[in-house]
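Student: I have a structure here, written as structure tokens, and I will follow up with some questions on it.
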Amino acid sequence: MPTDTTPPLARLGATVSGGLFGGSLVGILEAAHVLGSMRPSEYQALVYATVLYGLTGAAAGIGLGAVLALPPARRLPRWATWAAGFHAVVVSLGFVILRYVLNKSVYAEQGVPTRTSLAVLGGLVVASLVGALLARVLLTHTPLRVLPGARATVVAWGALVALAGLFSAAPAPGASPAAPVLPPPVAGAPARPDVVLLLVDTLRADALGVHGAPADATPRLDAFAKDAVVFDQHVTSAAWTRASTASLLTSLSPSSHACERKDSALPDMVVTLAEVLQEGGYATGGLPNNANVTGALGFGQGFAWFPYTPQYPLAASESTYALSLYNVLRRVRMRLDSRKRIEDYYTPAETQFARAQRFLDAARGRPAFLFVHLMEPHDPYFVHPWNGSAVGRAEFPDPDPSRLDELRGLYAGEVHHVDAAIGAFLDGLKAAGRYDDTLIVITSDHGEEFREHGGWWHGSTLYDEQVHTPLLVKLPRSARAGTRVPWQVRQIDVAPTVTDVAGLAPHASWQGAALFDDNFDADLAKLRAPAVEADDPASTEAAAAFVAPTWANHPASREALSEQDFEGYDLQALRSDGHKLIQALRTPRGNPRNLPAAAAYDLLADPAEARDLAGTGASWESALAARLETLVQQRRESRVAERDATLSEAERARLEALGYMQGAPGAAPGAEGDIPLRNASPDGR
């Protein structure tokens, strides 16, 4: 090999240049993967990755240049030092990202086997060796030979950044308008009520005063309950946001809507509540507030306006938030910042409601459907009034049990805070004259666990603290105000109820049924003792013998299926006739929650689910297990074509900040299936 007489500084510049271009290549490939696996609202990730990864590669090139300055490597020609910097960065970054992708998308976050990791590394090394063979020709006999030079590096890399910036500025198909753009009112259209659906993330039923919390816990929601119908036994379809919200908006169980895992998006073939209302003449607007339910994940179907605009640190956008190295910087920044900002995690309720009011103002003259997602009291639990301190799952995945009272208190403070924000929004509706004629539904996607069954947060079990959530429905003109409904209802019943009140037919694929059906008044009457006629011993005797049915044995109660495939926990549960069966089909390696394969509870005698009756010979257990198997099979037969959206990966870092994930983002691309959605008949009682 000929002696290289290039000065040491120039040789160092060659490794820096190689690392710069190697890092940019890795960044461009990751950005292309992210953007290609989502419905992007913008393309900033492309230019952000080109710059950030390129500069990171250049920094790595400095370290490699120091190594190549040692005597054994001093005789390498400049093109070889450039190639060494390029391939070293490509192999190292490529290995980290590919391994992360496999862990999240293939191995259900249970760790990549060593053999697979070695295979990935070996493949990258082989590809690098092939590239090294080509490098000699490309860097000595083609125009690319100028790249190791400093001036050519600046010009070429500057052109690459400019080109990436040009692509990043292109309009994206998934962009939502900055302000509502609504069609004009239709003359002669039937009058329909406005509909407001408030989803309060992570709100347990027993956090409300109306469900047994202290009187001062939720004064505004308790006051609202006097105008509403309160459903005491409302059961969600899952215990994490994406799968549960998908069920709320599609009236389908998770095994039917196929949006049940972290690498899933809501398929195009489902029919959402927003789509039905939009076809019925409604102006539709939604305000998502969690990376699990953005338009890029398919949740914007049927919404004319569905902006997701959190305030990302370091001037990032939604697509950039997916980049691995961006999240390294973000986490470093957050660790150095002793005062946490709510906006780094989600949009505060007050801001959400201000946007909601702008939509309602824009929609005047036509019926409006507004979906508002509130993240309080989801962790991290902030202190109110805000002082910059918070406690969340991302930093404390398994808090010491001694912190139970502290975390319960912080959670209660968040609930009280969002209660006040909801109350202020309702006051605004009243002041604008819209409250009386509006259908208002307030509910939650799941609850939260505070050591009831040995754990924290949510997503790893289907106990009632996770799936028993509030459902308050204020009908137009406050019809049936103050009614308490004791029988069991389901999350999938919400969408058909909204269309029923709006005077529209539910979609044929929906599996829920309207709550205010023709039998509603008769069902309420079953709760009242018969009237006593004067001097009528028979009626007096009947009244004395009357026992009101409970939620368990009331004929109006509906069997409630909950399903979950989250972070290695594949669970299903059926709540019916006062009993509950939970089955753990799969748990993470080592079963860290010590979940039994099956657990059975008599909820009337044991509402806290403290005594597992599985295997004790209870006559109802086998019947419940058979019904659960049948019901799940029916739901799977109605499964839509699954879309492995790796927008979950595009939002992975945002989710990691909320405790849903650990590590940097990445995912494997998926493809849309071609199995059509079957028309499943609505599933009543």
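Lettering and numbering for the structure tokens are positional, with chains as A, B, ... in the shown order, residues counted from 1 in each chain, and ligands counted from 1 in the shown order.
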Excluding Asp344 of chain A and any residue of its chain fewer than 2 positions from it, enumerate the residues within 8 Å of it, using only C-alpha atoms, and give them as a list in words.

Tutor: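 Within the cut-off, the hits are Pro310, Gln311, Tyr312, Pro313, Lys340, Arg341, Ile342 and Tyr346 of chain A.
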
Student: Could the residues in this selection be written to a file with N, CA and C atoms, as a compact mmCIF listing (two decimals), in the first residue's frame?

Tutor:
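result_20.txt, freshly written:
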# COMPACT_ATOMS: atom_id res chain seq x y z
N PRO A 310 -48.60 18.94 20.05
CA PRO A 310 -47.91 19.14 21.32
C PRO A 310 -46.66 19.99 21.14
N GLN A 311 -46.20 20.54 22.22
CA GLN A 311 -45.01 21.41 22.18
C GLN A 311 -43.76 20.56 22.43
N TYR A 312 -43.23 20.00 21.35
CA TYR A 312 -42.07 19.13 21.48
C TYR A 312 -40.81 19.94 21.82
N PRO A 313 -39.95 19.39 22.68
CA PRO A 313 -38.69 20.08 22.99
C PRO A 313 -37.77 20.15 21.77
N LYS A 340 -40.22 20.09 35.54
CA LYS A 340 -40.90 19.43 34.42
C LYS A 340 -42.03 20.33 33.90
N ARG A 341 -42.16 20.34 32.57
CA ARG A 341 -43.23 21.10 31.92
C ARG A 341 -44.33 20.15 31.48
N ILE A 342 -45.56 20.50 31.80
CA ILE A 342 -46.69 19.67 31.39
C ILE A 342 -46.70 19.50 29.88
N TYR A 346 -48.03 16.41 27.41
CA TYR A 346 -49.35 16.51 26.76
C TYR A 346 -49.83 17.96 26.82

Student: Rank nothing, just name the residue among A:Pro219, A:Gly298, A:Pro476, A:Pro267 nearest to Asp419 of chain A, using only C-alpha atoms.

Tutor: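 For Asp419 of chain A, the nearest of the given residues is A:Pro219.
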
Student: So which residues touch Ala368 of chain A within 10 Å, counting only C-alpha atoms, skipping near sequence neighbours fewer than 5 positions away, as a list in words?

Tutor: Arg192, Pro193, Asp194, Val195, Val196, Leu277, Gln278, Gly281, Tyr282, Ala283, Thr284, Gly285, Phe359, Leu360, Asp361, Ala362, Ala363 and Thr438 of chain A

Student: Write out, as a PDB file, in the first residue's frame, the residues just selected, with C-alpha atoms.

Tutor:
ATOM      1  CA  ARG A 192     -79.817  17.399  15.392  1.00  0.00           C
ATOM      2  CA  PRO A 193     -78.207  18.018  18.788  1.00  0.00           C
ATOM      3  CA  ASP A 194     -74.595  18.972  19.165  1.00  0.00           C
ATOM      4  CA  VAL A 195     -72.487  16.121  20.569  1.00  0.00           C
ATOM      5  CA  VAL A 196     -69.510  16.568  22.911  1.00  0.00           C
ATOM      6  CA  LEU A 277     -71.981  11.575  12.188  1.00  0.00           C
ATOM      7  CA  GLN A 278     -70.167  13.293   9.328  1.00  0.00           C
ATOM      8  CA  GLY A 281     -74.436  16.251   8.322  1.00  0.00           C
ATOM      9  CA  TYR A 282     -72.299  16.906  11.391  1.00  0.00           C
ATOM     10  CA  ALA A 283     -69.268  19.167  11.475  1.00  0.00           C
ATOM     11  CA  THR A 284     -66.700  16.883  13.082  1.00  0.00           C
ATOM     12  CA  GLY A 285     -63.701  17.973  15.127  1.00  0.00           C
ATOM     13  CA  PHE A 359     -64.250  24.649  16.944  1.00  0.00           C
ATOM     14  CA  LEU A 360     -67.742  25.023  18.362  1.00  0.00           C
ATOM     15  CA  ASP A 361     -67.762  28.697  17.411  1.00  0.00           C
ATOM     16  CA  ALA A 362     -66.702  27.826  13.857  1.00  0.00           C
ATOM     17  CA  ALA A 363     -69.394  25.152  13.618  1.00  0.00           C
ATOM     18  CA  THR A 438     -76.131  19.345  23.623  1.00  0.00           C
TER      19      THR A 438
END

Student: Using only C-alpha atoms, which residue out of A:Gln233, A:Thr250, A:Ser324, A:Asn289 lies closest to Ser576 of chain A?

Tutor: A:Gln233

Student: Report the distance between atom CA of Leu160 of chain A and atom CA of Thr309 of chain A in Å, rounded to one decimal place.

Tutor: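 A separation of 28.0 Å between them.
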
Student: Compare A:Leu297, A:Leu471, A:Ala246, A:Ala573 by their minimum atom-to-atom distance to Arg204 of chain A, counting only C-alpha atoms, and give me the closest one.

Tutor: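 Selected residue with least distance to Arg204 of chain A: A:Leu471.
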
Student: Per DSSP on the backbone, filter segment 370-470 of chain A down to the residues in strand (DSSP E) and report them as a ChimeraX atom specification.

Tutor: /A:370-374,381-382,390-391,438-443,449-450,456-457,468-469

Student: From the DSSP assignment of the backbone, select every residue of segment 320-374 of chain A that is alpha helix (DSSP H), and format the answer as an NGL selection string.

Tutor: :A and (324-336 or 349-362)

Student: Find the residues around Ile62 of chain A up to 10 Å (only C-alpha atoms counted), leave out those fewer than 3 positions away in its own chain, and share them as a list in words.

Tutor: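 Here the answer would be Leu12, Gly13, Ala14, Thr15, Val16, Ser17, Gly19, Gly57, Ala58, Ala59, Gly65, Ala66, Val67, Leu68 and Gly85 of chain A.
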
Student: What is the distance, in Å and to one decimal place, between atom CA of Pro184 of chain A and atom CA of Phe306 of chain A?

Tutor: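 It comes out at 18.6 Å.
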
Student: Report, in Å with one decimal, the straight-line distance from atom CA of Pro380 of chain A to atom CA of Tyr411 of chain A.

Tutor: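 Answer for the atom CA of Pro380 of chain A to atom CA of Tyr411 of chain A separation: 9.1 Å.
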